[in-house]
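Q: The structure under discussion is supplied below as structure tokens; questions concerning it will follow.
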Amino acid sequence: MMKQLQDIVVKARKTVIGLMSGTSADGIDAALVRVEGYALDTRVETLGFVTLPFAPEVRQRILALAGGETGGSRELCLMSFLLGQLSAEACHAVCAQARFPETEIDLIGSHGQTLWHIPCAETYLGHSLTATCQIGEASILNEAFDCPVVSDFRVRDMAAGGQGAPLVPYTEYLLYRSETETVALQNIGGIGNITLLPQKGTLSDTYAFDTGPGNMVMDALVTRMTGGKQTYDDGGRIAASGRLHTGLLQWMLKDDYLSMQPPKTTGRERYGAAYVERLAREAERLNVPEADQVATATRFTAESIAEGIRRFAKPKPDRLIVGGGGSCNDTLMRFLAQALPGIWVMTNEALGYNSDAKEAVAFAILANECVHGVCNNAPKATGARHPAVLGKISL
């Protein structure tokens with residue numbers, strides 16, 4: 001029998017699964033966490049974490065659909081239910097890894113897979129609209145685990161005038177705020193996003209924005225140069241074998257997104273296949289070898305992060321804590337440290353956290369806040385007119 005929402009809300013300690021699939025579309029991250037309290041009293045313990053990789057054909061179709069030029073209502077319908085099934089499989093896998101009884105899961109928070117994101121208003125049929133689309137049918141999770149599921153977090157913030165992203169700053173404020181230093185948290189997934197937590201700051205002082213591409217452009221270049229045999233630069237080895245091409249880097253740094261004022265968010269619609277094709281043409285014009293292209297794109301990700309900090313981080317952070325898949329790229333981390341002299345650049349692992357699990361854990365926390373009726377956006381980060389409770393609850 002489905003667990004009753006009111007019974008879960010009053011529990012002092014809940015066991016929650018958080019699910020995340022990012023713009024890289026390489027798989028579903030599932031974090032099994034124990035959550036105590038809510039809001040500023042939140043305490044979290046990670047019990048397990050797994051990544052369920054997408055089969056190559058699934059990833060290919062996700063990227064095609066996210067490109068906006070293919071697919072239709074039939075395929076969107078099928079993909080949403082497939083992602084619901086795969087999300088359930090990820091939940092089963094993390095319970096098995098942690099040897100935790102599935103019947104004791106209280107709540108699931110699922111981000112879903114973003115297919116399209118329109119944070120700046122566009123005219124459609126005579127109306128000015130922002131919009132976003134995340135798919136992955138939540139009801140399949142209800143059926144598999146007999147517990148409430150919170151999903152579709154971004155739309156409420158956009159309805160309140162925000163950009164629907166970034167969402168993680170709220171949870172980062174709960175977990176990383178400091179009385180003694182200004183802390184910045186940089187996630188490097190497909191897209192890079194940064195959160196700044198001023199020393200002794202409140203949630204209203206917390207701000208965040210997408211810095212630009214994270215791994216997305218690097219991954220695409222590696223896929224091209226290897227004919228699909230590799231889809232990412234493992235450890236940054238290809239970048240380390242290449243040389244920085246100043247001319248190509250300067251072309252990339254002309255990107256007007258870098259100078260846009262926050263709040264701002266971006267995604268595959270800006271840095272997807274069309275961008276990579278333009279980059280490849282410019283690299284061909286400049287006669288840039290493939291390994292040098294990867295090295296230069298890696299440097300660009302580091303420089304875009306550093307540029308965001310130089311332009312918009314007030315006060316300058318004392319340390320930058322890096323998470324996401326990019327934190328495993330040694331070349332990128334080296335470039336980042338070089339681009340940010342005077343700032344202590346470190347990974348979540350140095351604090352005893354799992355960089356890969358960070359965003360999945362965040363959606364477990366966001367789900368917990370939602371069922372408590374707590375506003376769980378950071379308006380200064382998203383640009384929303386007011387705080388709002390994000391997430392749709394499926395029972």
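Naming scheme: A, B, ... for chains in displayed order of the structure tokens; residues 1 onward per chain; ligands 1 onward as shown.
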Might you pull out every residue within 9 Å of region 286-292 of chain A, with only C-alpha atoms counted and same-chain residues fewer than 4 positions away left off, and present them as a ChimeraX atom specification?
A: /A:221-222,225,238-245,247-248,281-282,296-297
Q: Got time to write the residues from that selection, C-alpha atoms, as an mmCIF file, in the first residue's frame?
A:
```
data_model
loop_
_atom_site.group_PDB
_atom_site.id
_atom_site.type_symbol
_atom_site.label_atom_id
_atom_site.label_comp_id
_atom_site.auth_asym_id
_atom_site.auth_seq_id
_atom_site.Cartn_x
_atom_site.Cartn_y
_atom_site.Cartn_z
ATOM 1 C CA LEU A 221 35.168 16.739 -29.654
ATOM 2 C CA VAL A 222 36.444 13.472 -28.180
ATOM 3 C CA MET A 225 37.994 12.381 -33.020
ATOM 4 C CA ILE A 238 43.838 13.601 -24.500
ATOM 5 C CA ALA A 239 43.932 17.243 -23.438
ATOM 6 C CA ALA A 240 47.242 16.637 -21.678
ATOM 7 C CA SER A 241 48.670 15.186 -24.909
ATOM 8 C CA GLY A 242 47.689 18.274 -26.901
ATOM 9 C CA ARG A 243 48.760 21.898 -26.876
ATOM 10 C CA LEU A 244 46.741 25.028 -26.239
ATOM 11 C CA HIS A 245 45.961 26.896 -29.476
ATOM 12 C CA GLY A 247 43.898 31.605 -31.740
ATOM 13 C CA LEU A 248 41.154 29.026 -31.229
ATOM 14 C CA ARG A 281 35.066 24.659 -38.812
ATOM 15 C CA GLU A 282 37.111 27.336 -37.038
ATOM 16 C CA THR A 296 41.882 24.205 -26.020
ATOM 17 C CA ALA A 297 38.258 23.357 -25.250
#
```
Q: Which polymer residues have any atom within 9 Å of an atom of Leu340 (chain A), counting only C-alpha atoms, with same-chain residues fewer than 3 positions away left out, as a ChimeraX atom specification?
A: /A:303,306,309-310,335-337,343-345
Q: Can those selected residues be exported to a file as a tab-separated table (two decimals), in the first residue's frame so that it contains C-alpha atoms?
A:
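So the final result, stored in again.tsv, reads:
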```tsv
chain	number	residue	atom	x	y	z
A	303	GLU	CA	38.68	30.16	-18.41
A	306	ALA	CA	37.49	31.97	-13.98
A	309	ILE	CA	34.37	34.54	-10.86
A	310	ARG	CA	36.36	37.62	-11.90
A	335	PHE	CA	43.95	24.61	-15.82
A	336	LEU	CA	41.40	25.82	-13.29
A	337	ALA	CA	44.00	26.25	-10.55
A	343	ILE	CA	41.87	30.81	-4.60
A	344	TRP	CA	42.14	27.36	-3.04
A	345	VAL	CA	40.79	24.98	-5.71
```
Q: List the spatial neighbours of Thr265 (chain A) as a PyMOL selection string - criterion: any atom at most 12 Å away, only C-alpha atoms, same-chain residues fewer than 4 positions off excluded.
A: chain A and resi 117-120+132+158+162-167+191-194+208-213+257-258+260-261+269-271+381-383
Q: Kindly save the residues from that selection, with C-alpha atoms included, as a compact mmCIF listing (two decimals), in the first residue's frame.
A:
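Everything below was put into again_31.txt:
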```
# COMPACT_ATOMS: atom_id res chain seq x y z
CA HIS A 117 15.26 24.86 -21.77
CA ILE A 118 14.14 28.39 -22.73
CA PRO A 119 15.12 30.71 -19.85
CA CYS A 120 14.77 33.94 -21.87
CA THR A 132 11.43 24.11 -19.91
CA MET A 158 9.95 29.75 -14.09
CA GLY A 162 12.89 32.77 -12.67
CA GLN A 163 15.08 30.89 -15.10
CA GLY A 164 14.37 27.51 -13.52
CA ALA A 165 18.07 27.07 -12.88
CA PRO A 166 20.32 26.63 -11.11
CA LEU A 167 18.46 24.66 -8.42
CA ILE A 191 27.23 22.59 -18.25
CA GLY A 192 29.25 24.39 -15.58
CA ASN A 193 27.41 26.16 -12.78
CA ILE A 194 28.71 28.02 -9.75
CA ALA A 208 24.60 31.39 -8.62
CA PHE A 209 24.71 31.12 -12.39
CA ASP A 210 25.76 28.82 -15.21
CA THR A 211 29.36 29.61 -16.15
CA GLY A 212 29.12 28.09 -19.65
CA PRO A 213 30.00 24.68 -21.02
CA TYR A 257 27.40 34.42 -22.86
CA LEU A 258 30.48 35.01 -20.68
CA MET A 260 25.95 38.33 -19.72
CA GLN A 261 24.88 39.47 -16.27
CA GLU A 269 20.57 24.66 -27.04
CA ARG A 270 23.63 26.98 -26.97
CA TYR A 271 26.59 24.59 -26.68
CA ALA A 381 20.29 32.71 -8.21
CA THR A 382 17.35 32.02 -10.53
CA GLY A 383 15.89 35.52 -10.84
```
Q: Which residues are close to Ala88 (chain A), i.e. within 8 Å by only C-alpha atoms, leaving aside same-chain residues fewer than 6 positions away? Reply as a PyMOL selection string.
A: chain A and resi 140-141+144
Q: Residues near Tyr176 (chain A), anyone? I mean within 12 Å using only C-alpha atoms, not counting same-chain ones fewer than 3 positions away, as a PyMOL selection string.
A: chain A and resi 40+42-44+168-173+179-185+195-203+206+319-321+348+351+353+358
Q: Just the number, please: distance in Å from CA of Ser21 (chain A) to CA of Glu104 (chain A), one decimal.
A: 23.9 Å
Q: For Leu65 (chain A), which of A:Gly326, A:Gly272, A:Pro263, A:Pro148 is the closest residue, counting only C-alpha atoms?
A: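 Among A:Gly326, A:Gly272, A:Pro263, A:Pro148, it is A:Gly272 that comes nearest to Leu65 (chain A).
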Q: Please identify all polymer residues within 12 Å of Leu52 (chain A), counting only C-alpha atoms, omitting same-chain residues fewer than 2 positions from it, and present them as a count of residues only.
A: 26
Q: Find the residues around Gly109 (chain A) up to 10 Å (only C-alpha atoms counted), leave out those fewer than 2 positions away in its own chain, and share them as a ChimeraX atom specification.
A: /A:16-20,30-31,107,111-112,138,141,148-153,360-368,370,391-393
Q: Would you mind exporting the chosen residues as a CSV table (one decimal), in the first residue's frame, restricted to N, CA, C and O atoms?
A:
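Result saved to result05.csv:
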```csv
chain,number,residue,atom,x,y,z
A,16,VAL,N,15.6,8.7,1.6
A,16,VAL,CA,15.2,9.3,0.3
A,16,VAL,C,16.2,8.9,-0.8
A,16,VAL,O,17.4,8.9,-0.5
A,17,ILE,N,15.7,8.7,-1.9
A,17,ILE,CA,16.5,8.5,-3.1
A,17,ILE,C,16.4,9.7,-4.0
A,17,ILE,O,15.3,10.2,-4.3
A,18,GLY,N,17.6,10.3,-4.3
A,18,GLY,CA,17.7,11.4,-5.3
A,18,GLY,C,18.2,10.9,-6.6
A,18,GLY,O,19.1,10.2,-6.7
A,19,LEU,N,17.5,11.4,-7.7
A,19,LEU,CA,17.9,11.0,-9.0
A,19,LEU,C,18.3,12.2,-9.9
A,19,LEU,O,17.6,13.2,-9.9
A,20,MET,N,19.3,12.0,-10.7
A,20,MET,CA,19.8,13.1,-11.5
A,20,MET,C,20.3,12.6,-12.8
A,20,MET,O,21.1,11.6,-12.9
A,30,ALA,N,21.9,7.9,-8.9
A,30,ALA,CA,21.0,7.6,-7.9
A,30,ALA,C,21.7,7.6,-6.5
A,30,ALA,O,22.7,6.9,-6.3
A,31,ALA,N,21.3,8.5,-5.6
A,31,ALA,CA,21.9,8.6,-4.3
A,31,ALA,C,20.9,8.2,-3.3
A,31,ALA,O,19.7,8.7,-3.3
A,107,LEU,N,10.7,8.3,0.2
A,107,LEU,CA,10.5,9.4,-0.7
A,107,LEU,C,11.5,9.3,-1.8
A,107,LEU,O,12.7,8.9,-1.6
A,111,HIS,N,15.0,14.5,-10.8
A,111,HIS,CA,15.1,15.7,-11.7
A,111,HIS,C,14.6,15.4,-13.1
A,111,HIS,O,14.0,16.3,-13.7
A,112,GLY,N,14.7,14.2,-13.6
A,112,GLY,CA,14.4,13.9,-15.0
A,112,GLY,C,15.5,14.3,-15.9
A,112,GLY,O,16.5,14.8,-15.5
A,138,ALA,N,7.2,10.0,-13.6
A,138,ALA,CA,7.4,9.8,-12.1
A,138,ALA,C,6.4,8.7,-11.7
A,138,ALA,O,6.8,8.0,-10.7
A,141,LEU,N,7.9,5.3,-10.9
A,141,LEU,CA,8.6,5.2,-9.7
A,141,LEU,C,7.6,5.0,-8.5
A,141,LEU,O,7.9,4.2,-7.6
A,148,PRO,N,5.7,8.3,-2.2
A,148,PRO,CA,5.6,9.6,-3.0
A,148,PRO,C,6.9,9.9,-3.8
A,148,PRO,O,8.0,9.5,-3.4
A,149,VAL,N,6.7,10.5,-4.9
A,149,VAL,CA,7.8,11.0,-5.8
A,149,VAL,C,7.6,12.5,-6.0
A,149,VAL,O,6.5,12.9,-6.4
A,150,VAL,N,8.7,13.2,-5.9
A,150,VAL,CA,8.7,14.6,-6.3
A,150,VAL,C,9.5,14.8,-7.5
A,150,VAL,O,10.6,14.3,-7.6
A,151,SER,N,8.9,15.5,-8.5
A,151,SER,CA,9.6,15.6,-9.8
A,151,SER,C,9.3,17.0,-10.4
A,151,SER,O,8.6,17.8,-9.8
A,152,ASP,N,9.9,17.2,-11.6
A,152,ASP,CA,9.5,18.5,-12.4
A,152,ASP,C,9.7,19.7,-11.5
A,152,ASP,O,8.9,20.6,-11.3
A,153,PHE,N,10.9,19.9,-11.0
A,153,PHE,CA,11.3,21.0,-10.1
A,153,PHE,C,11.4,22.3,-10.7
A,153,PHE,O,11.1,23.3,-10.1
A,360,ALA,N,22.7,14.4,-7.3
A,360,ALA,CA,21.6,13.5,-6.9
A,360,ALA,C,21.2,13.6,-5.5
A,360,ALA,O,20.0,13.6,-5.1
A,361,VAL,N,22.2,13.9,-4.6
A,361,VAL,CA,21.9,14.1,-3.2
A,361,VAL,C,21.0,15.4,-3.1
A,361,VAL,O,20.1,15.5,-2.3
A,362,ALA,N,21.3,16.4,-3.9
A,362,ALA,CA,20.6,17.7,-3.9
A,362,ALA,C,19.1,17.5,-4.1
A,362,ALA,O,18.3,18.1,-3.5
A,363,PHE,N,18.8,16.6,-5.1
A,363,PHE,CA,17.4,16.4,-5.4
A,363,PHE,C,16.7,15.6,-4.4
A,363,PHE,O,15.4,15.7,-4.2
A,364,ALA,N,17.4,14.8,-3.6
A,364,ALA,CA,16.8,14.1,-2.4
A,364,ALA,C,16.4,15.2,-1.4
A,364,ALA,O,15.3,15.2,-0.8
A,365,ILE,N,17.3,16.2,-1.2
A,365,ILE,CA,17.0,17.3,-0.2
A,365,ILE,C,15.9,18.1,-0.7
A,365,ILE,O,15.0,18.5,0.0
A,366,LEU,N,15.9,18.5,-2.0
A,366,LEU,CA,14.9,19.3,-2.6
A,366,LEU,C,13.5,18.7,-2.4
A,366,LEU,O,12.5,19.3,-2.2
A,367,ALA,N,13.5,17.3,-2.6
A,367,ALA,CA,12.2,16.6,-2.5
A,367,ALA,C,11.7,16.7,-1.0
A,367,ALA,O,10.5,16.9,-0.7
A,368,ASN,N,12.6,16.5,-0.1
A,368,ASN,CA,12.3,16.6,1.4
A,368,ASN,C,11.7,18.0,1.7
A,368,ASN,O,10.7,18.1,2.4
A,370,CYS,N,10.2,20.0,-0.4
A,370,CYS,CA,8.9,20.2,-1.0
A,370,CYS,C,7.8,19.6,-0.2
A,370,CYS,O,6.8,20.2,0.0
A,391,GLY,N,8.6,21.6,-7.2
A,391,GLY,CA,8.4,20.1,-7.3
A,391,GLY,C,6.9,19.8,-7.4
A,391,GLY,O,6.1,20.4,-6.7
A,392,LYS,N,6.6,18.8,-8.2
A,392,LYS,CA,5.3,18.2,-8.2
A,392,LYS,C,5.3,16.9,-7.5
A,392,LYS,O,6.1,16.0,-7.8
A,393,ILE,N,4.3,16.7,-6.6
A,393,ILE,CA,4.2,15.5,-5.8
A,393,ILE,C,3.3,14.4,-6.5
A,393,ILE,O,2.1,14.8,-6.7
```
Q: Mind giving me the straight-line distance from CA of Asp146 (chain A) to CA of Thr114 (chain A) in Å, one decimal?
A: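 One can read the CA of Asp146 (chain A) to CA of Thr114 (chain A) distance as 25.2 Å.
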Q: Once DSSP has gone over the backbone, tell me which residues of region 133-231 of chain A are in alpha helix (DSSP H), as a compact mmCIF listing (two decimals) with N, CA and C atoms, in the first residue's frame.
A:
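After the write, selection33.txt holds the following:
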```txt
# COMPACT_ATOMS: atom_id res chain seq x y z
N ALA A 138 7.24 10.00 -13.58
CA ALA A 138 7.35 9.78 -12.14
C ALA A 138 6.44 8.66 -11.65
N SER A 139 5.30 8.46 -12.30
CA SER A 139 4.35 7.46 -11.83
C SER A 139 4.93 6.04 -11.87
N ILE A 140 5.89 5.81 -12.75
CA ILE A 140 6.53 4.50 -12.79
C ILE A 140 7.31 4.26 -11.49
N LEU A 141 7.90 5.31 -10.94
CA LEU A 141 8.59 5.21 -9.66
C LEU A 141 7.60 4.98 -8.52
N ASN A 142 6.45 5.65 -8.58
CA ASN A 142 5.39 5.39 -7.59
C ASN A 142 5.03 3.91 -7.56
N GLU A 143 4.84 3.37 -8.76
CA GLU A 143 4.40 1.99 -8.87
C GLU A 143 5.47 1.02 -8.38
N ALA A 144 6.73 1.35 -8.64
CA ALA A 144 7.83 0.44 -8.29
C ALA A 144 8.14 0.47 -6.80
N PHE A 145 7.92 1.61 -6.13
CA PHE A 145 8.38 1.74 -4.74
C PHE A 145 7.28 2.08 -3.75
N ARG A 154 11.74 22.42 -11.96
CA ARG A 154 12.11 23.71 -12.52
C ARG A 154 10.92 24.61 -12.87
N VAL A 155 9.78 24.02 -13.18
CA VAL A 155 8.71 24.82 -13.78
C VAL A 155 8.12 25.85 -12.83
N ARG A 156 8.05 25.55 -11.53
CA ARG A 156 7.47 26.51 -10.59
C ARG A 156 8.31 27.76 -10.48
N ASP A 157 9.62 27.60 -10.49
CA ASP A 157 10.50 28.77 -10.45
C ASP A 157 10.31 29.62 -11.69
N MET A 158 10.14 28.99 -12.85
CA MET A 158 9.95 29.75 -14.09
C MET A 158 8.60 30.46 -14.09
N ALA A 159 7.60 29.81 -13.52
CA ALA A 159 6.29 30.47 -13.41
C ALA A 159 6.38 31.72 -12.55
N VAL A 168 20.51 23.75 -7.49
CA VAL A 168 21.35 23.21 -6.42
C VAL A 168 21.79 24.26 -5.38
N PRO A 169 21.88 25.56 -5.72
CA PRO A 169 22.32 26.53 -4.71
C PRO A 169 21.56 26.48 -3.39
N TYR A 170 20.28 26.17 -3.43
CA TYR A 170 19.52 26.09 -2.18
C TYR A 170 20.11 25.02 -1.27
N THR A 171 20.36 23.84 -1.83
CA THR A 171 20.90 22.75 -1.01
C THR A 171 22.35 23.03 -0.62
N GLU A 172 23.09 23.70 -1.49
CA GLU A 172 24.48 24.03 -1.15
C GLU A 172 24.52 25.01 0.02
N TYR A 173 23.57 25.94 0.06
CA TYR A 173 23.51 26.84 1.21
C TYR A 173 23.25 26.06 2.49
N LEU A 174 22.35 25.09 2.45
CA LEU A 174 22.06 24.30 3.65
C LEU A 174 23.28 23.54 4.14
N LEU A 175 24.09 23.03 3.21
CA LEU A 175 25.16 22.09 3.57
C LEU A 175 26.55 22.71 3.67
N TYR A 176 26.82 23.81 2.95
CA TYR A 176 28.20 24.30 2.84
C TYR A 176 28.42 25.71 3.41
N MET A 216 30.55 19.38 -21.90
CA MET A 216 29.77 19.12 -23.10
C MET A 216 30.59 19.25 -24.39
N VAL A 217 31.32 20.34 -24.53
CA VAL A 217 32.07 20.58 -25.76
C VAL A 217 33.25 19.62 -25.85
N MET A 218 33.95 19.43 -24.75
CA MET A 218 35.06 18.46 -24.72
C MET A 218 34.59 17.07 -25.12
N ASP A 219 33.47 16.64 -24.53
CA ASP A 219 32.93 15.31 -24.84
C ASP A 219 32.63 15.17 -26.33
N ALA A 220 32.02 16.20 -26.90
CA ALA A 220 31.65 16.14 -28.32
C ALA A 220 32.89 16.04 -29.20
N LEU A 221 33.94 16.79 -28.86
CA LEU A 221 35.17 16.74 -29.65
C LEU A 221 35.84 15.37 -29.56
N VAL A 222 35.85 14.80 -28.36
CA VAL A 222 36.44 13.47 -28.18
C VAL A 222 35.65 12.43 -28.96
N THR A 223 34.33 12.54 -28.94
CA THR A 223 33.49 11.61 -29.69
C THR A 223 33.78 11.69 -31.17
N ARG A 224 33.96 12.93 -31.68
CA ARG A 224 34.26 13.12 -33.10
C ARG A 224 35.62 12.51 -33.47
N MET A 225 36.64 12.79 -32.65
CA MET A 225 37.99 12.38 -33.02
C MET A 225 38.20 10.87 -32.89
```
Q: Give the strand (DSSP E) residues of region 194-238 of chain A, as assigned by DSSP on the backbone, as number ranges by chain.
A: A: 194-197, 207-213
Q: Could the residues in this selection be saved with all heavy atoms as an mmCIF file, in the first residue's frame?
A:
```cif
data_model
loop_
_atom_site.group_PDB
_atom_site.id
_atom_site.type_symbol
_atom_site.label_atom_id
_atom_site.label_comp_id
_atom_site.auth_asym_id
_atom_site.auth_seq_id
_atom_site.Cartn_x
_atom_site.Cartn_y
_atom_site.Cartn_z
ATOM 1 N N ILE A 194 28.017 27.623 -10.965
ATOM 2 C CA ILE A 194 28.707 28.025 -9.747
ATOM 3 C C ILE A 194 27.725 28.609 -8.745
ATOM 4 O O ILE A 194 26.747 29.270 -9.126
ATOM 5 C CB ILE A 194 29.824 29.044 -10.061
ATOM 6 C CG1 ILE A 194 30.741 29.244 -8.842
ATOM 7 C CG2 ILE A 194 29.256 30.375 -10.534
ATOM 8 C CD1 ILE A 194 32.014 30.013 -9.167
ATOM 9 N N THR A 195 27.960 28.321 -7.472
ATOM 10 C CA THR A 195 27.207 28.920 -6.367
ATOM 11 C C THR A 195 28.189 29.654 -5.478
ATOM 12 O O THR A 195 29.265 29.131 -5.166
ATOM 13 C CB THR A 195 26.483 27.840 -5.545
ATOM 14 O OG1 THR A 195 25.569 27.147 -6.381
ATOM 15 C CG2 THR A 195 25.729 28.454 -4.379
ATOM 16 N N LEU A 196 27.825 30.857 -5.064
ATOM 17 C CA LEU A 196 28.676 31.650 -4.184
ATOM 18 C C LEU A 196 27.959 31.878 -2.866
ATOM 19 O O LEU A 196 26.834 32.389 -2.827
ATOM 20 C CB LEU A 196 29.044 32.964 -4.857
ATOM 21 C CG LEU A 196 29.946 32.725 -6.074
ATOM 22 C CD1 LEU A 196 29.406 33.437 -7.292
ATOM 23 C CD2 LEU A 196 31.369 33.155 -5.791
ATOM 24 N N LEU A 197 28.627 31.496 -1.786
ATOM 25 C CA LEU A 197 28.093 31.597 -0.427
ATOM 26 C C LEU A 197 28.946 32.578 0.356
ATOM 27 O O LEU A 197 30.004 32.213 0.896
ATOM 28 C CB LEU A 197 28.110 30.225 0.256
ATOM 29 C CG LEU A 197 27.426 29.069 -0.481
ATOM 30 C CD1 LEU A 197 27.692 27.755 0.247
ATOM 31 C CD2 LEU A 197 25.929 29.317 -0.587
ATOM 32 N N TYR A 207 24.056 33.516 -4.345
ATOM 33 C CA TYR A 207 23.750 33.695 -5.754
ATOM 34 C C TYR A 207 24.521 32.675 -6.581
ATOM 35 O O TYR A 207 25.492 32.065 -6.107
ATOM 36 C CB TYR A 207 24.021 35.121 -6.233
ATOM 37 C CG TYR A 207 25.431 35.638 -6.094
ATOM 38 C CD1 TYR A 207 26.247 35.780 -7.209
ATOM 39 C CD2 TYR A 207 25.937 36.016 -4.861
ATOM 40 C CE1 TYR A 207 27.529 36.275 -7.100
ATOM 41 C CE2 TYR A 207 27.220 36.521 -4.734
ATOM 42 C CZ TYR A 207 28.013 36.645 -5.852
ATOM 43 O OH TYR A 207 29.294 37.137 -5.739
ATOM 44 N N ALA A 208 24.045 32.455 -7.793
ATOM 45 C CA ALA A 208 24.600 31.392 -8.616
ATOM 46 C C ALA A 208 24.245 31.654 -10.072
ATOM 47 O O ALA A 208 23.328 32.421 -10.376
ATOM 48 C CB ALA A 208 24.038 30.040 -8.174
ATOM 49 N N PHE A 209 24.998 31.008 -10.956
ATOM 50 C CA PHE A 209 24.708 31.116 -12.390
ATOM 51 C C PHE A 209 25.468 30.016 -13.120
ATOM 52 O O PHE A 209 26.423 29.429 -12.590
ATOM 53 C CB PHE A 209 25.114 32.495 -12.929
ATOM 54 C CG PHE A 209 26.547 32.889 -12.643
ATOM 55 C CD1 PHE A 209 27.564 32.592 -13.544
ATOM 56 C CD2 PHE A 209 26.868 33.553 -11.468
ATOM 57 C CE1 PHE A 209 28.873 32.953 -13.283
ATOM 58 C CE2 PHE A 209 28.183 33.915 -11.189
ATOM 59 C CZ PHE A 209 29.185 33.620 -12.102
ATOM 60 N N ASP A 210 25.039 29.741 -14.341
ATOM 61 C CA ASP A 210 25.763 28.824 -15.206
ATOM 62 C C ASP A 210 26.958 29.561 -15.782
ATOM 63 O O ASP A 210 26.816 30.668 -16.330
ATOM 64 C CB ASP A 210 24.871 28.317 -16.333
ATOM 65 C CG ASP A 210 23.846 27.288 -15.859
ATOM 66 O OD1 ASP A 210 23.930 26.864 -14.685
ATOM 67 O OD2 ASP A 210 22.970 26.926 -16.653
ATOM 68 N N THR A 211 28.138 28.956 -15.678
ATOM 69 C CA THR A 211 29.356 29.612 -16.149
ATOM 70 C C THR A 211 29.588 29.411 -17.649
ATOM 71 O O THR A 211 30.363 30.154 -18.256
ATOM 72 C CB THR A 211 30.573 29.065 -15.386
ATOM 73 O OG1 THR A 211 30.574 27.636 -15.427
ATOM 74 C CG2 THR A 211 30.536 29.518 -13.926
ATOM 75 N N GLY A 212 28.924 28.412 -18.235
ATOM 76 C CA GLY A 212 29.124 28.091 -19.645
ATOM 77 C C GLY A 212 29.236 26.586 -19.797
ATOM 78 O O GLY A 212 28.779 25.831 -18.938
ATOM 79 N N PRO A 213 29.876 26.126 -20.864
ATOM 80 C CA PRO A 213 29.995 24.680 -21.023
ATOM 81 C C PRO A 213 30.906 24.081 -19.963
ATOM 82 O O PRO A 213 31.897 24.691 -19.565
ATOM 83 C CB PRO A 213 30.599 24.520 -22.425
ATOM 84 C CG PRO A 213 31.326 25.800 -22.661
ATOM 85 C CD PRO A 213 30.530 26.865 -21.962
#
```
